[in-house]
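Dropping protein_30.txt in here (compact mmCIF, N, CA and C atoms):
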```txt
# COMPACT_ATOMS: atom_id res chain seq x y z
N MET A 1 15.32 96.82 75.28
CA MET A 1 16.31 96.72 74.22
C MET A 1 15.75 95.85 73.10
N ASN A 2 15.79 96.34 71.90
CA ASN A 2 15.37 95.55 70.76
C ASN A 2 16.56 94.70 70.31
N LYS A 3 16.50 93.42 70.60
CA LYS A 3 17.61 92.49 70.38
C LYS A 3 18.11 92.52 68.94
N LYS A 4 17.23 92.41 67.98
CA LYS A 4 17.64 92.34 66.57
C LYS A 4 18.35 93.62 66.12
N LYS A 5 17.83 94.79 66.52
CA LYS A 5 18.45 96.06 66.14
C LYS A 5 19.82 96.22 66.78
N VAL A 6 19.93 95.84 68.05
CA VAL A 6 21.21 95.94 68.74
C VAL A 6 22.24 95.03 68.09
N GLN A 7 21.84 93.80 67.78
CA GLN A 7 22.76 92.86 67.15
C GLN A 7 23.17 93.34 65.76
N LEU A 8 22.22 93.79 64.97
CA LEU A 8 22.52 94.26 63.62
C LEU A 8 23.49 95.44 63.67
N THR A 9 23.21 96.42 64.50
CA THR A 9 24.07 97.59 64.63
C THR A 9 25.46 97.20 65.11
N THR A 10 25.53 96.30 66.06
CA THR A 10 26.81 95.88 66.61
C THR A 10 27.64 95.14 65.57
N TYR A 11 27.05 94.20 64.87
CA TYR A 11 27.80 93.44 63.88
C TYR A 11 28.19 94.29 62.67
N ILE A 12 27.36 95.24 62.28
CA ILE A 12 27.74 96.17 61.21
C ILE A 12 28.91 97.03 61.66
N GLY A 13 28.97 97.31 62.96
CA GLY A 13 30.06 98.11 63.52
C GLY A 13 31.42 97.46 63.42
N ILE A 14 31.47 96.19 63.09
CA ILE A 14 32.75 95.49 62.91
C ILE A 14 33.39 95.84 61.57
N ILE A 15 32.59 96.24 60.60
CA ILE A 15 33.08 96.48 59.24
C ILE A 15 34.28 97.43 59.19
N PRO A 16 34.27 98.58 59.87
CA PRO A 16 35.44 99.46 59.78
C PRO A 16 36.75 98.82 60.26
N PHE A 17 36.66 97.84 61.14
CA PHE A 17 37.87 97.16 61.59
C PHE A 17 38.41 96.21 60.52
N CYS A 18 37.52 95.75 59.64
CA CYS A 18 37.91 94.80 58.60
C CYS A 18 38.34 95.48 57.31
N LEU A 19 38.03 96.74 57.12
CA LEU A 19 38.36 97.44 55.88
C LEU A 19 39.85 97.41 55.55
N PRO A 20 40.76 97.66 56.52
CA PRO A 20 42.18 97.59 56.17
C PRO A 20 42.61 96.20 55.69
N ILE A 21 42.00 95.16 56.24
CA ILE A 21 42.33 93.79 55.83
C ILE A 21 41.91 93.57 54.38
N VAL A 22 40.67 93.95 54.06
CA VAL A 22 40.14 93.78 52.71
C VAL A 22 40.96 94.62 51.73
N TYR A 23 41.24 95.86 52.10
CA TYR A 23 42.02 96.76 51.23
C TYR A 23 43.39 96.16 50.94
N ASN A 24 44.01 95.57 51.95
CA ASN A 24 45.35 95.00 51.80
C ASN A 24 45.37 93.84 50.81
N PHE A 25 44.25 93.11 50.68
CA PHE A 25 44.18 92.00 49.73
C PHE A 25 44.16 92.48 48.28
N TYR A 26 43.61 93.67 48.06
CA TYR A 26 43.44 94.16 46.71
C TYR A 26 44.50 95.16 46.25
N VAL A 27 45.18 95.78 47.19
CA VAL A 27 46.17 96.80 46.86
C VAL A 27 47.46 96.49 47.62
N GLU A 28 48.58 96.71 46.97
CA GLU A 28 49.84 96.50 47.67
C GLU A 28 49.93 97.47 48.85
N SER A 29 50.67 97.06 49.87
CA SER A 29 50.80 97.88 51.06
C SER A 29 51.34 99.27 50.70
N ASP A 30 50.65 100.27 51.11
CA ASP A 30 51.07 101.64 50.86
C ASP A 30 50.57 102.55 51.98
N ILE A 31 50.74 103.83 51.78
CA ILE A 31 50.38 104.81 52.81
C ILE A 31 48.88 104.81 53.08
N LYS A 32 48.05 104.54 52.06
CA LYS A 32 46.60 104.50 52.28
C LYS A 32 46.24 103.36 53.23
N HIS A 33 46.92 102.23 53.10
CA HIS A 33 46.65 101.10 53.99
C HIS A 33 46.99 101.47 55.43
N ILE A 34 48.13 102.10 55.63
CA ILE A 34 48.53 102.52 56.98
C ILE A 34 47.51 103.51 57.54
N ASN A 35 47.03 104.42 56.71
CA ASN A 35 46.02 105.37 57.17
C ASN A 35 44.72 104.67 57.54
N LEU A 36 44.34 103.64 56.79
CA LEU A 36 43.14 102.87 57.14
C LEU A 36 43.32 102.17 58.48
N VAL A 37 44.52 101.65 58.74
CA VAL A 37 44.81 101.02 60.03
C VAL A 37 44.69 102.06 61.14
N LYS A 38 45.22 103.25 60.93
CA LYS A 38 45.13 104.32 61.94
C LYS A 38 43.67 104.72 62.17
N ILE A 39 42.90 104.77 61.09
CA ILE A 39 41.47 105.11 61.23
C ILE A 39 40.76 104.04 62.03
N SER A 40 41.10 102.77 61.82
CA SER A 40 40.46 101.70 62.60
C SER A 40 40.82 101.82 64.08
N LEU A 41 42.03 102.31 64.39
CA LEU A 41 42.41 102.52 65.79
C LEU A 41 41.62 103.67 66.41
N VAL A 42 41.42 104.73 65.64
CA VAL A 42 40.60 105.85 66.14
C VAL A 42 39.16 105.37 66.36
N TYR A 43 38.66 104.58 65.42
CA TYR A 43 37.31 104.03 65.55
C TYR A 43 37.21 103.13 66.79
N GLY A 44 38.25 102.32 67.03
CA GLY A 44 38.29 101.49 68.23
C GLY A 44 38.27 102.32 69.49
N SER A 45 38.97 103.46 69.46
CA SER A 45 38.97 104.38 70.60
C SER A 45 37.57 104.92 70.85
N LEU A 46 36.91 105.28 69.77
CA LEU A 46 35.54 105.80 69.86
C LEU A 46 34.60 104.74 70.45
N ILE A 47 34.70 103.52 69.96
CA ILE A 47 33.84 102.43 70.44
C ILE A 47 34.10 102.16 71.93
N SER A 48 35.37 102.08 72.32
CA SER A 48 35.69 101.83 73.72
C SER A 48 35.19 102.96 74.62
N SER A 49 35.31 104.20 74.14
CA SER A 49 34.81 105.34 74.91
C SER A 49 33.29 105.28 75.06
N PHE A 50 32.61 104.92 73.98
CA PHE A 50 31.15 104.77 74.01
C PHE A 50 30.74 103.68 75.01
N LEU A 51 31.43 102.53 74.96
CA LEU A 51 31.14 101.44 75.89
C LEU A 51 31.38 101.87 77.33
N SER A 52 32.46 102.62 77.56
CA SER A 52 32.77 103.11 78.91
C SER A 52 31.65 104.00 79.43
N GLY A 53 31.15 104.87 78.56
CA GLY A 53 30.06 105.75 78.96
C GLY A 53 28.79 104.98 79.29
N MET A 54 28.46 103.99 78.47
CA MET A 54 27.28 103.16 78.74
C MET A 54 27.44 102.40 80.05
N GLN A 55 28.63 101.87 80.28
CA GLN A 55 28.88 101.11 81.50
C GLN A 55 28.85 102.02 82.72
N TRP A 56 29.43 103.18 82.59
CA TRP A 56 29.44 104.13 83.71
C TRP A 56 28.01 104.51 84.10
N GLU A 57 27.18 104.78 83.09
CA GLU A 57 25.77 105.12 83.37
C GLU A 57 25.06 103.98 84.08
N LYS A 58 25.29 102.76 83.62
CA LYS A 58 24.65 101.58 84.22
C LYS A 58 25.12 101.38 85.66
N LEU A 59 26.42 101.56 85.89
CA LEU A 59 26.96 101.40 87.25
C LEU A 59 26.45 102.49 88.19
N ILE A 60 26.40 103.73 87.72
CA ILE A 60 25.90 104.84 88.54
C ILE A 60 24.42 104.65 88.87
N SER A 61 23.62 104.33 87.86
CA SER A 61 22.18 104.21 88.09
C SER A 61 21.83 103.01 88.97
N ASN A 62 22.75 102.04 89.09
CA ASN A 62 22.51 100.89 89.96
C ASN A 62 23.32 100.98 91.26
N HIS A 63 23.81 102.17 91.54
CA HIS A 63 24.47 102.50 92.81
C HIS A 63 25.71 101.65 93.12
N PHE A 64 26.51 101.35 92.10
CA PHE A 64 27.78 100.66 92.32
C PHE A 64 28.78 101.67 92.86
N LYS A 65 29.49 101.28 93.91
CA LYS A 65 30.49 102.18 94.50
C LYS A 65 31.76 102.23 93.66
N VAL A 66 31.94 101.28 92.77
CA VAL A 66 33.15 101.22 91.95
C VAL A 66 32.87 101.68 90.52
N ALA A 67 31.91 102.59 90.35
CA ALA A 67 31.53 103.05 89.01
C ALA A 67 32.71 103.66 88.26
N PHE A 68 33.68 104.21 88.99
CA PHE A 68 34.84 104.83 88.35
C PHE A 68 35.64 103.85 87.49
N ILE A 69 35.49 102.56 87.74
CA ILE A 69 36.23 101.55 86.97
C ILE A 69 35.88 101.63 85.49
N ALA A 70 34.65 102.02 85.18
CA ALA A 70 34.24 102.12 83.78
C ALA A 70 34.99 103.21 83.03
N ILE A 71 35.62 104.12 83.75
CA ILE A 71 36.34 105.22 83.12
C ILE A 71 37.76 104.81 82.72
N ILE A 72 38.27 103.72 83.27
CA ILE A 72 39.64 103.28 82.98
C ILE A 72 39.89 103.10 81.48
N PRO A 73 39.02 102.37 80.74
CA PRO A 73 39.27 102.24 79.30
C PRO A 73 39.25 103.59 78.57
N LEU A 74 38.40 104.51 79.01
CA LEU A 74 38.34 105.83 78.41
C LEU A 74 39.68 106.55 78.56
N VAL A 75 40.24 106.52 79.76
CA VAL A 75 41.53 107.17 80.01
C VAL A 75 42.62 106.50 79.17
N MET A 76 42.56 105.18 79.06
CA MET A 76 43.56 104.46 78.26
C MET A 76 43.54 104.92 76.80
N VAL A 77 42.35 105.01 76.22
CA VAL A 77 42.28 105.39 74.81
C VAL A 77 42.66 106.85 74.60
N LEU A 78 42.44 107.68 75.61
CA LEU A 78 42.88 109.07 75.48
C LEU A 78 44.41 109.14 75.40
N PHE A 79 45.09 108.35 76.23
CA PHE A 79 46.55 108.32 76.18
C PHE A 79 47.06 107.74 74.86
N GLN A 80 46.28 106.88 74.26
CA GLN A 80 46.66 106.27 72.99
C GLN A 80 46.87 107.32 71.91
N PHE A 81 46.13 108.42 71.98
CA PHE A 81 46.26 109.47 70.97
C PHE A 81 47.61 110.18 71.02
N PHE A 82 48.32 110.07 72.15
CA PHE A 82 49.64 110.68 72.27
C PHE A 82 50.75 109.73 71.84
N GLU A 83 50.38 108.52 71.53
CA GLU A 83 51.35 107.48 71.15
C GLU A 83 51.51 107.46 69.64
N GLU A 84 52.75 107.52 69.18
CA GLU A 84 53.00 107.49 67.73
C GLU A 84 53.14 106.08 67.19
N SER A 85 53.43 105.13 68.05
CA SER A 85 53.63 103.75 67.62
C SER A 85 52.28 103.06 67.37
N ILE A 86 52.11 102.57 66.15
CA ILE A 86 50.88 101.84 65.82
C ILE A 86 50.80 100.57 66.67
N TYR A 87 51.95 99.96 66.94
CA TYR A 87 52.00 98.75 67.77
C TYR A 87 51.42 99.02 69.16
N LEU A 88 51.92 100.06 69.83
CA LEU A 88 51.42 100.37 71.18
C LEU A 88 49.97 100.82 71.16
N SER A 89 49.60 101.58 70.15
CA SER A 89 48.19 102.01 70.03
C SER A 89 47.27 100.81 69.87
N THR A 90 47.70 99.84 69.08
CA THR A 90 46.91 98.63 68.89
C THR A 90 46.74 97.89 70.21
N ILE A 91 47.82 97.74 70.96
CA ILE A 91 47.75 97.06 72.25
C ILE A 91 46.83 97.81 73.21
N ILE A 92 46.95 99.13 73.24
CA ILE A 92 46.11 99.94 74.15
C ILE A 92 44.63 99.77 73.81
N ILE A 93 44.29 99.84 72.52
CA ILE A 93 42.88 99.71 72.12
C ILE A 93 42.35 98.32 72.45
N ILE A 94 43.13 97.29 72.17
CA ILE A 94 42.69 95.93 72.49
C ILE A 94 42.51 95.77 73.99
N LEU A 95 43.45 96.27 74.79
CA LEU A 95 43.31 96.18 76.25
C LEU A 95 42.08 96.94 76.75
N ALA A 96 41.84 98.11 76.19
CA ALA A 96 40.66 98.89 76.59
C ALA A 96 39.37 98.13 76.27
N LEU A 97 39.31 97.54 75.09
CA LEU A 97 38.11 96.76 74.71
C LEU A 97 37.96 95.52 75.60
N LEU A 98 39.07 94.90 75.95
CA LEU A 98 39.01 93.73 76.85
C LEU A 98 38.56 94.14 78.26
N ILE A 99 39.02 95.29 78.73
CA ILE A 99 38.56 95.77 80.04
C ILE A 99 37.07 96.08 80.00
N ASN A 100 36.61 96.69 78.89
CA ASN A 100 35.17 96.92 78.73
C ASN A 100 34.41 95.60 78.82
N LEU A 101 34.93 94.57 78.17
CA LEU A 101 34.29 93.25 78.19
C LEU A 101 34.31 92.67 79.60
N ILE A 102 35.42 92.78 80.29
CA ILE A 102 35.52 92.25 81.66
C ILE A 102 34.52 92.94 82.58
N ILE A 103 34.33 94.25 82.40
CA ILE A 103 33.34 94.97 83.20
C ILE A 103 31.94 94.40 82.93
N ASP A 104 31.63 94.13 81.66
CA ASP A 104 30.33 93.54 81.34
C ASP A 104 30.19 92.14 81.93
N LEU A 105 31.27 91.37 81.91
CA LEU A 105 31.22 89.99 82.41
C LEU A 105 31.20 89.88 83.93
N THR A 106 31.72 90.88 84.60
CA THR A 106 31.80 90.80 86.07
C THR A 106 30.78 91.72 86.72
N LEU A 107 31.02 93.01 86.68
CA LEU A 107 30.16 93.95 87.40
C LEU A 107 28.74 94.02 86.86
N LEU A 108 28.60 93.92 85.55
CA LEU A 108 27.28 94.11 84.94
C LEU A 108 26.61 92.82 84.49
N SER A 109 27.20 91.68 84.82
CA SER A 109 26.65 90.41 84.32
C SER A 109 25.21 90.17 84.77
N ASN A 110 24.84 90.61 85.95
CA ASN A 110 23.47 90.42 86.44
C ASN A 110 22.48 91.38 85.78
N LEU A 111 23.01 92.45 85.18
CA LEU A 111 22.15 93.44 84.55
C LEU A 111 22.03 93.25 83.04
N ARG A 112 22.81 92.33 82.49
CA ARG A 112 22.82 92.09 81.05
C ARG A 112 22.17 90.75 80.74
N GLU A 113 21.51 90.69 79.59
CA GLU A 113 20.91 89.43 79.15
C GLU A 113 22.00 88.54 78.54
N PHE A 114 21.75 87.23 78.53
CA PHE A 114 22.74 86.28 78.04
C PHE A 114 23.15 86.56 76.61
N TRP A 115 22.19 86.86 75.73
CA TRP A 115 22.49 87.10 74.33
C TRP A 115 23.42 88.29 74.17
N PHE A 116 23.25 89.30 75.03
CA PHE A 116 24.08 90.50 74.96
C PHE A 116 25.51 90.18 75.37
N ILE A 117 25.67 89.43 76.44
CA ILE A 117 27.01 89.03 76.90
C ILE A 117 27.70 88.19 75.82
N ARG A 118 26.98 87.24 75.24
CA ARG A 118 27.55 86.39 74.19
C ARG A 118 27.97 87.23 72.99
N MET A 119 27.13 88.17 72.60
CA MET A 119 27.44 89.04 71.48
C MET A 119 28.69 89.87 71.77
N ARG A 120 28.81 90.40 72.98
CA ARG A 120 29.98 91.21 73.37
C ARG A 120 31.27 90.38 73.31
N ILE A 121 31.20 89.13 73.73
CA ILE A 121 32.38 88.25 73.68
C ILE A 121 32.79 88.02 72.23
N ILE A 122 31.82 87.70 71.38
CA ILE A 122 32.10 87.45 69.96
C ILE A 122 32.68 88.69 69.30
N VAL A 123 32.05 89.83 69.49
CA VAL A 123 32.48 91.06 68.83
C VAL A 123 33.85 91.50 69.32
N THR A 124 34.09 91.42 70.62
CA THR A 124 35.40 91.80 71.15
C THR A 124 36.49 90.89 70.58
N GLY A 125 36.21 89.61 70.47
CA GLY A 125 37.17 88.68 69.86
C GLY A 125 37.44 89.00 68.40
N LEU A 126 36.39 89.27 67.63
CA LEU A 126 36.55 89.60 66.21
C LEU A 126 37.30 90.92 66.01
N VAL A 127 36.95 91.91 66.81
CA VAL A 127 37.61 93.21 66.69
C VAL A 127 39.08 93.12 67.09
N SER A 128 39.37 92.42 68.18
CA SER A 128 40.76 92.26 68.62
C SER A 128 41.58 91.53 67.56
N THR A 129 41.01 90.48 67.00
CA THR A 129 41.69 89.73 65.94
C THR A 129 41.93 90.62 64.72
N SER A 130 40.94 91.40 64.35
CA SER A 130 41.09 92.32 63.21
C SER A 130 42.19 93.34 63.45
N LEU A 131 42.23 93.89 64.66
CA LEU A 131 43.27 94.87 64.98
C LEU A 131 44.66 94.26 64.91
N ILE A 132 44.78 93.03 65.38
CA ILE A 132 46.09 92.34 65.32
C ILE A 132 46.48 92.09 63.86
N ILE A 133 45.54 91.61 63.06
CA ILE A 133 45.82 91.37 61.64
C ILE A 133 46.16 92.67 60.94
N ASN A 134 45.44 93.74 61.26
CA ASN A 134 45.74 95.05 60.67
C ASN A 134 47.18 95.46 60.97
N TYR A 135 47.58 95.30 62.22
CA TYR A 135 48.96 95.67 62.58
C TYR A 135 49.98 94.80 61.85
N LEU A 136 49.73 93.52 61.80
CA LEU A 136 50.68 92.60 61.16
C LEU A 136 50.77 92.82 59.65
N SER A 137 49.74 93.42 59.06
CA SER A 137 49.72 93.62 57.62
C SER A 137 50.49 94.87 57.17
N ILE A 138 50.96 95.62 58.13
CA ILE A 138 51.70 96.87 57.78
C ILE A 138 53.10 96.50 57.33
```

Using structure tokens, write down the structure that the file contains.
Amino acid sequence: MNKKKVQLTTYIGIIPFCLPIVYNFYVESDIKHINLVKISLVYGSLISSFLSGMQWEKLISNHFKVAFIAIIPLVMVLFQFFEESIYLSTIIIILALLINLIIDLTLLSNLREFWFIRMRIIVTGLVSTSLIINYLSI
């Protein structure tokens, strides 16, 4: 793993979560702002699904009997698409991202480098905070 490239890509990946916050500072709350919040939720679903897939592959290739646990966040975000409430969708995405983080901190901690775990904690905290601020700004 190229540490610098992974960190750069990961931190740049936070930008879409912050766009609704920045937009809200410059434009009065309107339908475009709500759509940006919804887009950030879809993006969060995509990220959580991607993390689930990476974790599932790591658990399978290392012969973990509980590899199915990595699929839980994926199932959660799929159900989120049937939810019309932005509030519940926000909670579901945050919980899915936190479960992804818990999997990295527990099951995969011996397979991950310290810098990666630290980065995941920071990014999950920033993304969760952004999602909460996005919801509160509606």

Step by step, gather every atom of region 4-18 of chain A that the file lists, find the box along x, y and z that holds them, add 4 Å on each side, and finally give centre and edge lengths in Å to one decimal, as AutoDock Vina command-line options.
```
--center_x 27.8 --center_y 95.9 --center_z 63.0 --size_x 29.2 --size_y 15.1 --size_z 19.4
```

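CA of Ser40 (chain A) sits 5.2 Å away from atom C of Pro16 (chain A).
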
Report the distance between CA of Thr124 (chain A) and CA of Trp56 (chain A) in Å, rounded to one decimal place.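 Here the two named atoms are 18.6 Å from each other.
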
I'd like to know which of A:Ser128, A:Tyr11, A:Tyr135, A:Ile47 is closest to Tyr87 (chain A), using only N, CA and C atoms.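 Between A:Ser128, A:Tyr11, A:Tyr135, A:Ile47, the residue approaching Tyr87 (chain A) most closely is A:Tyr135.
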
Name all residues at most 8 Å from Ile69 (chain A) (count only N, CA and C atoms; drop same-chain ones fewer than 3 positions away) and give them as a count of residues only. 10

DSSP on the backbone: which residues in region 86-118 of chain A end up as helix (DSSP H, G or I)? Give the answer as an NGL selection string. :A and (86-105 or 114-118)

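If you measure from each of A:Ile60, A:Ile138, A:Cys18, A:Val77 to Leu46 (chain A) using only N, CA and C atoms, the closest one turns out to be A:Val77.
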
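Comparing A:Met119, A:Ile15, A:Leu51, A:Val42 by their smallest distance to Ile93 (chain A), the closest is A:Val42 (using only C-alpha atoms).
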
Residue with the minimum atom-to-atom distance to Val37 (chain A), picked from A:Asn134, A:Glu113, A:Leu88, A:Lys4 with only N, CA and C atoms counted, is A:Asn134

Taking all atoms listed in the file into account, which of A:Arg112, A:Ile91, A:Ile122, A:Phe17 comes nearest Tyr43 (chain A)?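 The answer is A:Phe17, which sits nearest to Tyr43 (chain A).
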
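Minimum atom-to-atom distances from A:Leu59, A:Leu78, A:Gln7, A:Val123 to Leu107 (chain A) were compared using only C-alpha atoms, and the lowest value belongs to A:Leu59.
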
Do you have the atom C of Thr90 (chain A)-atom N of Ile102 (chain A) distance handy? 16.0 Å
